[in-house]
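**Student:** Questions regarding the structure given below will be posed in turn.
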Amino acid sequence: MRSSQNALEVDQLTRVFDVSTPWLNRMIERKPKRYLHAVQDVTFIVQKGKCLALVGESGCGKSTVARLVTGLYEPTEGAIVFAPASDGKPMEAQMIFQDPHASLNPRWRVGDIIAEPIREFGLRDSPAAESERVADLLKIVGLSPDDSRRYPHEFSGGQRQRISIARALASEPEFLVCDEPTSALDVSVQAQILNLMRKLQDELGLTYLFISHNLAVVRHMADRIAVMYLGRIVEEADTEALFANPQHPYTKLLLQTIPDVASPNRDRALMGGEPPSPLDPPKGCAFHPRCPLAADICSRDAPKSRERQGGGVVACHMAPL
Ligand SMILES: Nc1ncnc2c1ncn2[C@@H]1O[C@H](COP(=O)(O)OP(=O)(O)OP(=O)(O)O)[C@@H](O)[C@H]1O
Ligand SMILES: [Mg+2]
């Protein structure tokens, strides 16, 4: 650990997927193996009690980073180091997913869904203490202890996300990885869940890695923001600094395309179409075909990450020096 303030240090993380067709097809069609670089050379730090947001378009590698950090995937290269938790044991990261319907077992009662981690980790020594803990967790997330007898389908999307949060908190984690936790919800419900997550962060001293494709959502959650494009971090800075003075052209475009109800089709046009495929990334800077500032060097050389004016990092030939 570089500093005792850090909860998580991720260093030059890379994850490559083998997406080749089966061996026999490859032999018949004389095709080579194909590799997809979902995450490349990603470096960031999350400080204790803070929230770092990862932002970027669909397919840029956000969920892959989340899965690497929570141990669901092995890194191809690079390091993921958690600080010890306050009890000295290795810090445990819990994940909250986008779709609470898919992550809650529909055949289990809510009480059992939340109690499972408590049992698995042996966190309470009697059934009564366990029920009490489940009731407390339901109250913490704004539900009623009576809800423990009901099934997930009896709840609305927002309430189901509250159940997922209660379950994630059941194992008493200090670190939460939230992968688009509100993207499937109505706007008004989104705000309620975001407020709940902020409140929990303050009250329980949690550290968040918060993933979203929407800069507007992370503005009020995140202390720092890392913007990803095609597997790489292109800019990272304090939230206020990033909004006040974005330096990567992609960040600027993302800021301009914060969803606008009045003209919902505006963003695609501004962005210059879909992002390229990570299977066949453009040479040089991967963003150059869509970049309004692209010069010759951008199609030749990949920009290195360097210190950003006003703090943080930026990877762009054209960003201010
Ligand atoms: N298990 C896998 N096998 C092969 N390719 C994968 C796998 N998981 C992800 N990918 C590819 O890696 C890239 C990044 O995917 P990822 O799910 O991390 O993106 P994302 O930023 O979370 O996108 P979204 O906003 O749509 O959730 C995509 O091109 C995806 O197709
Ligand atoms: Mg994702």
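Letters for chains follow the order of the structure tokens (A, B, ...), residue numbers begin at 1 for each chain, and ligand numbers begin at 1 in the order shown.
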Which chains and residue numbers are within 9 Å of ligand 2, counting only C-alpha atoms and all ligand atoms, if I want them as a ChimeraX atom specification?
**Tutor:** /A:58-64,66,98,179-180,211-213
**Student:** Write out as a PyMOL selection string which residues come within 8 Å of region 114-128 of chain A when counting only C-alpha atoms, dropping same-chain ones fewer than 3 positions away.
**Tutor:** chain A and resi 110-111+131-132+134+163+166-167+170-171
**Student:** Pull C-alpha atoms from the residues just selected and write them as a short mmCIF file (atom, residue, chain, number, x, y, z; two decimals), in the first residue's frame.
**Tutor:**
```
data_model
loop_
_atom_site.label_atom_id
_atom_site.label_comp_id
_atom_site.auth_asym_id
_atom_site.auth_seq_id
_atom_site.Cartn_x
_atom_site.Cartn_y
_atom_site.Cartn_z
CA VAL A 110 -36.35 -11.79 1.67
CA GLY A 111 -35.36 -12.69 5.24
CA SER A 131 -33.46 -12.35 12.83
CA GLU A 132 -32.73 -9.21 14.79
CA VAL A 134 -32.06 -8.99 9.37
CA ILE A 163 -33.07 -5.60 -0.57
CA ALA A 166 -29.31 -4.95 2.67
CA ARG A 167 -27.92 -8.30 1.54
CA ALA A 170 -25.16 -8.29 5.74
CA SER A 171 -21.57 -9.53 5.60
#
```
**Student:** Given only C-alpha atoms as the basis, pick out the residue of A:Val46, A:Ala286, A:Ala222, A:Leu104 nearest to Pro303 (chain A).
**Tutor:** A:Ala286
**Student:** Find the spatial neighbours of region 250-252 of chain A, counting only C-alpha atoms, within a cut-off of 9 Å - ignore same-chain residues fewer than 6 positions away - and output them as a PDB file with C-alpha atoms, in the first residue's frame.
**Tutor:**
```pdb
ATOM      1  CA  GLY A  56     -17.865   5.498 -19.934  1.00  0.00           C
ATOM      2  CA  VAL A 227     -13.427   8.222 -17.444  1.00  0.00           C
ATOM      3  CA  TYR A 229     -12.727   4.611 -23.210  1.00  0.00           C
ATOM      4  CA  VAL A 234      -8.458   8.523 -20.453  1.00  0.00           C
ATOM      5  CA  GLU A 235      -8.939  11.069 -17.662  1.00  0.00           C
ATOM      6  CA  LEU A 242     -13.482  17.250 -13.898  1.00  0.00           C
ATOM      7  CA  PHE A 243     -16.803  19.035 -14.283  1.00  0.00           C
ATOM      8  CA  MET A 271     -20.510  11.620 -30.167  1.00  0.00           C
ATOM      9  CA  PHE A 287     -10.563   7.803 -29.578  1.00  0.00           C
ATOM     10  CA  ARG A 290     -14.357  10.304 -33.128  1.00  0.00           C
ATOM     11  CA  CYS A 291     -12.216  13.125 -31.789  1.00  0.00           C
TER      12      CYS A 291
END
```
**Student:** Using only C-alpha atoms, I'd like a table of the residues in region 83-171 of chain A that come within 12 Å of region 4-19 of chain A; for each, show the closest atom pair and its distance in Å rounded to one decimal, ordered by chain and ascending number, as a tab-separated table.
**Tutor:**
```
residue	atom	partner	partner_atom	distance
A:Ala83	CA	A:Ala7	CA	5.0
A:Pro84	CA	A:Ala7	CA	8.0
A:Ala85	CA	A:Ala7	CA	8.5
A:Ser86	CA	A:Ala7	CA	10.6
A:Pro90	CA	A:Ala7	CA	10.7
A:Met91	CA	A:Ala7	CA	8.2
A:Glu92	CA	A:Ala7	CA	10.5
A:Ala93	CA	A:Leu8	CA	10.0
```
**Student:** Next, dump the selected residues to file, keeping only N, CA and C atoms, as a CSV table (one decimal), in the first residue's frame.
**Tutor:**
```
chain,number,residue,atom,x,y,z
A,83,ALA,N,-6.5,-2.6,1.2
A,83,ALA,CA,-5.9,-2.4,2.6
A,83,ALA,C,-6.6,-3.4,3.5
A,84,PRO,N,-5.9,-3.7,4.7
A,84,PRO,CA,-6.6,-4.6,5.6
A,84,PRO,C,-7.8,-3.9,6.2
A,85,ALA,N,-8.9,-4.6,6.5
A,85,ALA,CA,-10.1,-4.0,7.1
A,85,ALA,C,-9.8,-3.6,8.5
A,86,SER,N,-10.8,-2.9,9.1
A,86,SER,CA,-10.5,-2.3,10.5
A,86,SER,C,-10.2,-3.4,11.5
A,90,PRO,N,-8.3,-9.3,5.8
A,90,PRO,CA,-8.3,-8.7,4.4
A,90,PRO,C,-9.7,-8.1,4.2
A,91,MET,N,-9.6,-6.9,3.6
A,91,MET,CA,-10.9,-6.2,3.3
A,91,MET,C,-11.7,-6.9,2.3
A,92,GLU,N,-13.0,-7.0,2.6
A,92,GLU,CA,-13.9,-7.7,1.7
A,92,GLU,C,-14.7,-6.7,0.9
A,93,ALA,N,-14.8,-7.0,-0.4
A,93,ALA,CA,-15.6,-6.1,-1.3
A,93,ALA,C,-16.9,-6.9,-1.6
```
**Student:** If you measure from CA of Arg224 (chain A) to CA of Leu52 (chain A), what distance in Å do you get, rounded to one decimal?
**Tutor:**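 Atom-to-atom, CA of Arg224 (chain A) to CA of Leu52 (chain A), that is 4.9 Å.
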**Student:** Any chance you could list, as a list in words, the residues in region 263-314 of chain A that come up helix (DSSP H, G or I) when DSSP is run on the backbone?
**Tutor:** Arg266, Asp267, Arg268, Ala269, Leu270, Met271, His288, Pro289, Arg290, Asp296, Ile297, Cys298, Ser299 and Arg300 of chain A
**Student:** Just list the residues in region 56-305 of chain A DSSP gives strand (DSSP E) on the backbone, as number ranges by chain.
**Tutor:** A: 77-82, 93-96, 175-179, 207-212, 224-229, 232-238
**Student:** Could you take the residues named above and write them with C-alpha atoms, as a PDB file, in the first residue's frame?
**Tutor:**
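result22.pdb, freshly written:
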```pdb
ATOM      1  CA  GLU A  77      -1.783  -8.642 -15.811  1.00  0.00           C
ATOM      2  CA  GLY A  78      -1.529  -6.059 -13.070  1.00  0.00           C
ATOM      3  CA  ALA A  79      -2.233  -5.871  -9.359  1.00  0.00           C
ATOM      4  CA  ILE A  80      -5.274  -5.325  -7.134  1.00  0.00           C
ATOM      5  CA  VAL A  81      -4.406  -4.592  -3.504  1.00  0.00           C
ATOM      6  CA  PHE A  82      -6.923  -3.964  -0.727  1.00  0.00           C
ATOM      7  CA  ALA A  93     -15.633  -6.117  -1.265  1.00  0.00           C
ATOM      8  CA  GLN A  94     -19.317  -6.751  -1.905  1.00  0.00           C
ATOM      9  CA  MET A  95     -20.980  -6.108  -5.228  1.00  0.00           C
ATOM     10  CA  ILE A  96     -24.341  -4.498  -6.007  1.00  0.00           C
ATOM     11  CA  PHE A 175     -15.999  -1.746   0.435  1.00  0.00           C
ATOM     12  CA  LEU A 176     -18.889  -1.820  -2.026  1.00  0.00           C
ATOM     13  CA  VAL A 177     -18.583  -2.166  -5.790  1.00  0.00           C
ATOM     14  CA  CYS A 178     -21.784  -0.812  -7.316  1.00  0.00           C
ATOM     15  CA  ASP A 179     -22.245  -1.684 -10.998  1.00  0.00           C
ATOM     16  CA  THR A 207     -15.815   3.002   0.508  1.00  0.00           C
ATOM     17  CA  TYR A 208     -17.374   2.823  -2.963  1.00  0.00           C
ATOM     18  CA  LEU A 209     -16.282   1.956  -6.453  1.00  0.00           C
ATOM     19  CA  PHE A 210     -19.323   3.234  -8.306  1.00  0.00           C
ATOM     20  CA  ILE A 211     -19.915   2.405 -11.950  1.00  0.00           C
ATOM     21  CA  SER A 212     -22.201   4.286 -14.282  1.00  0.00           C
ATOM     22  CA  ARG A 224     -13.275  11.330  -7.909  1.00  0.00           C
ATOM     23  CA  ILE A 225     -14.165  10.241 -11.413  1.00  0.00           C
ATOM     24  CA  ALA A 226     -12.228   8.059 -13.840  1.00  0.00           C
ATOM     25  CA  VAL A 227     -13.427   8.222 -17.444  1.00  0.00           C
ATOM     26  CA  MET A 228     -12.882   5.023 -19.460  1.00  0.00           C
ATOM     27  CA  TYR A 229     -12.727   4.611 -23.210  1.00  0.00           C
ATOM     28  CA  ARG A 232      -8.416   2.466 -20.763  1.00  0.00           C
ATOM     29  CA  ILE A 233      -8.734   5.359 -18.350  1.00  0.00           C
ATOM     30  CA  VAL A 234      -8.458   8.523 -20.453  1.00  0.00           C
ATOM     31  CA  GLU A 235      -8.939  11.069 -17.662  1.00  0.00           C
ATOM     32  CA  GLU A 236      -9.153  10.940 -13.891  1.00  0.00           C
ATOM     33  CA  ALA A 237      -9.670  13.811 -11.482  1.00  0.00           C
ATOM     34  CA  ASP A 238     -11.633  15.150  -8.516  1.00  0.00           C
TER      35      ASP A 238
END
```
**Student:** With only C-alpha atoms and all ligand atoms as the basis for distance, which of A:Pro181, A:Gly158, A:Pro152, A:Gly142 is at the shortest distance from ligand 1?
**Tutor:**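 Smallest separation from ligand 1 among the options: A:Pro181.
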**Student:** Considering only C-alpha atoms and all ligand atoms, state which residue in the set A:Arg133, A:Trp23, A:Pro281, A:Gly88 is at the smallest distance from ligand 1.
**Tutor:**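 Among A:Arg133, A:Trp23, A:Pro281, A:Gly88, it is A:Pro281 that comes nearest to ligand 1.
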**Student:** For the atom pair CA of Pro249 (chain A) and CA of Ala319 (chain A), what is the interatomic distance in Å to one decimal place?
**Tutor:**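 Going from CA of Pro249 (chain A) over to CA of Ala319 (chain A), I get 7.8 Å.
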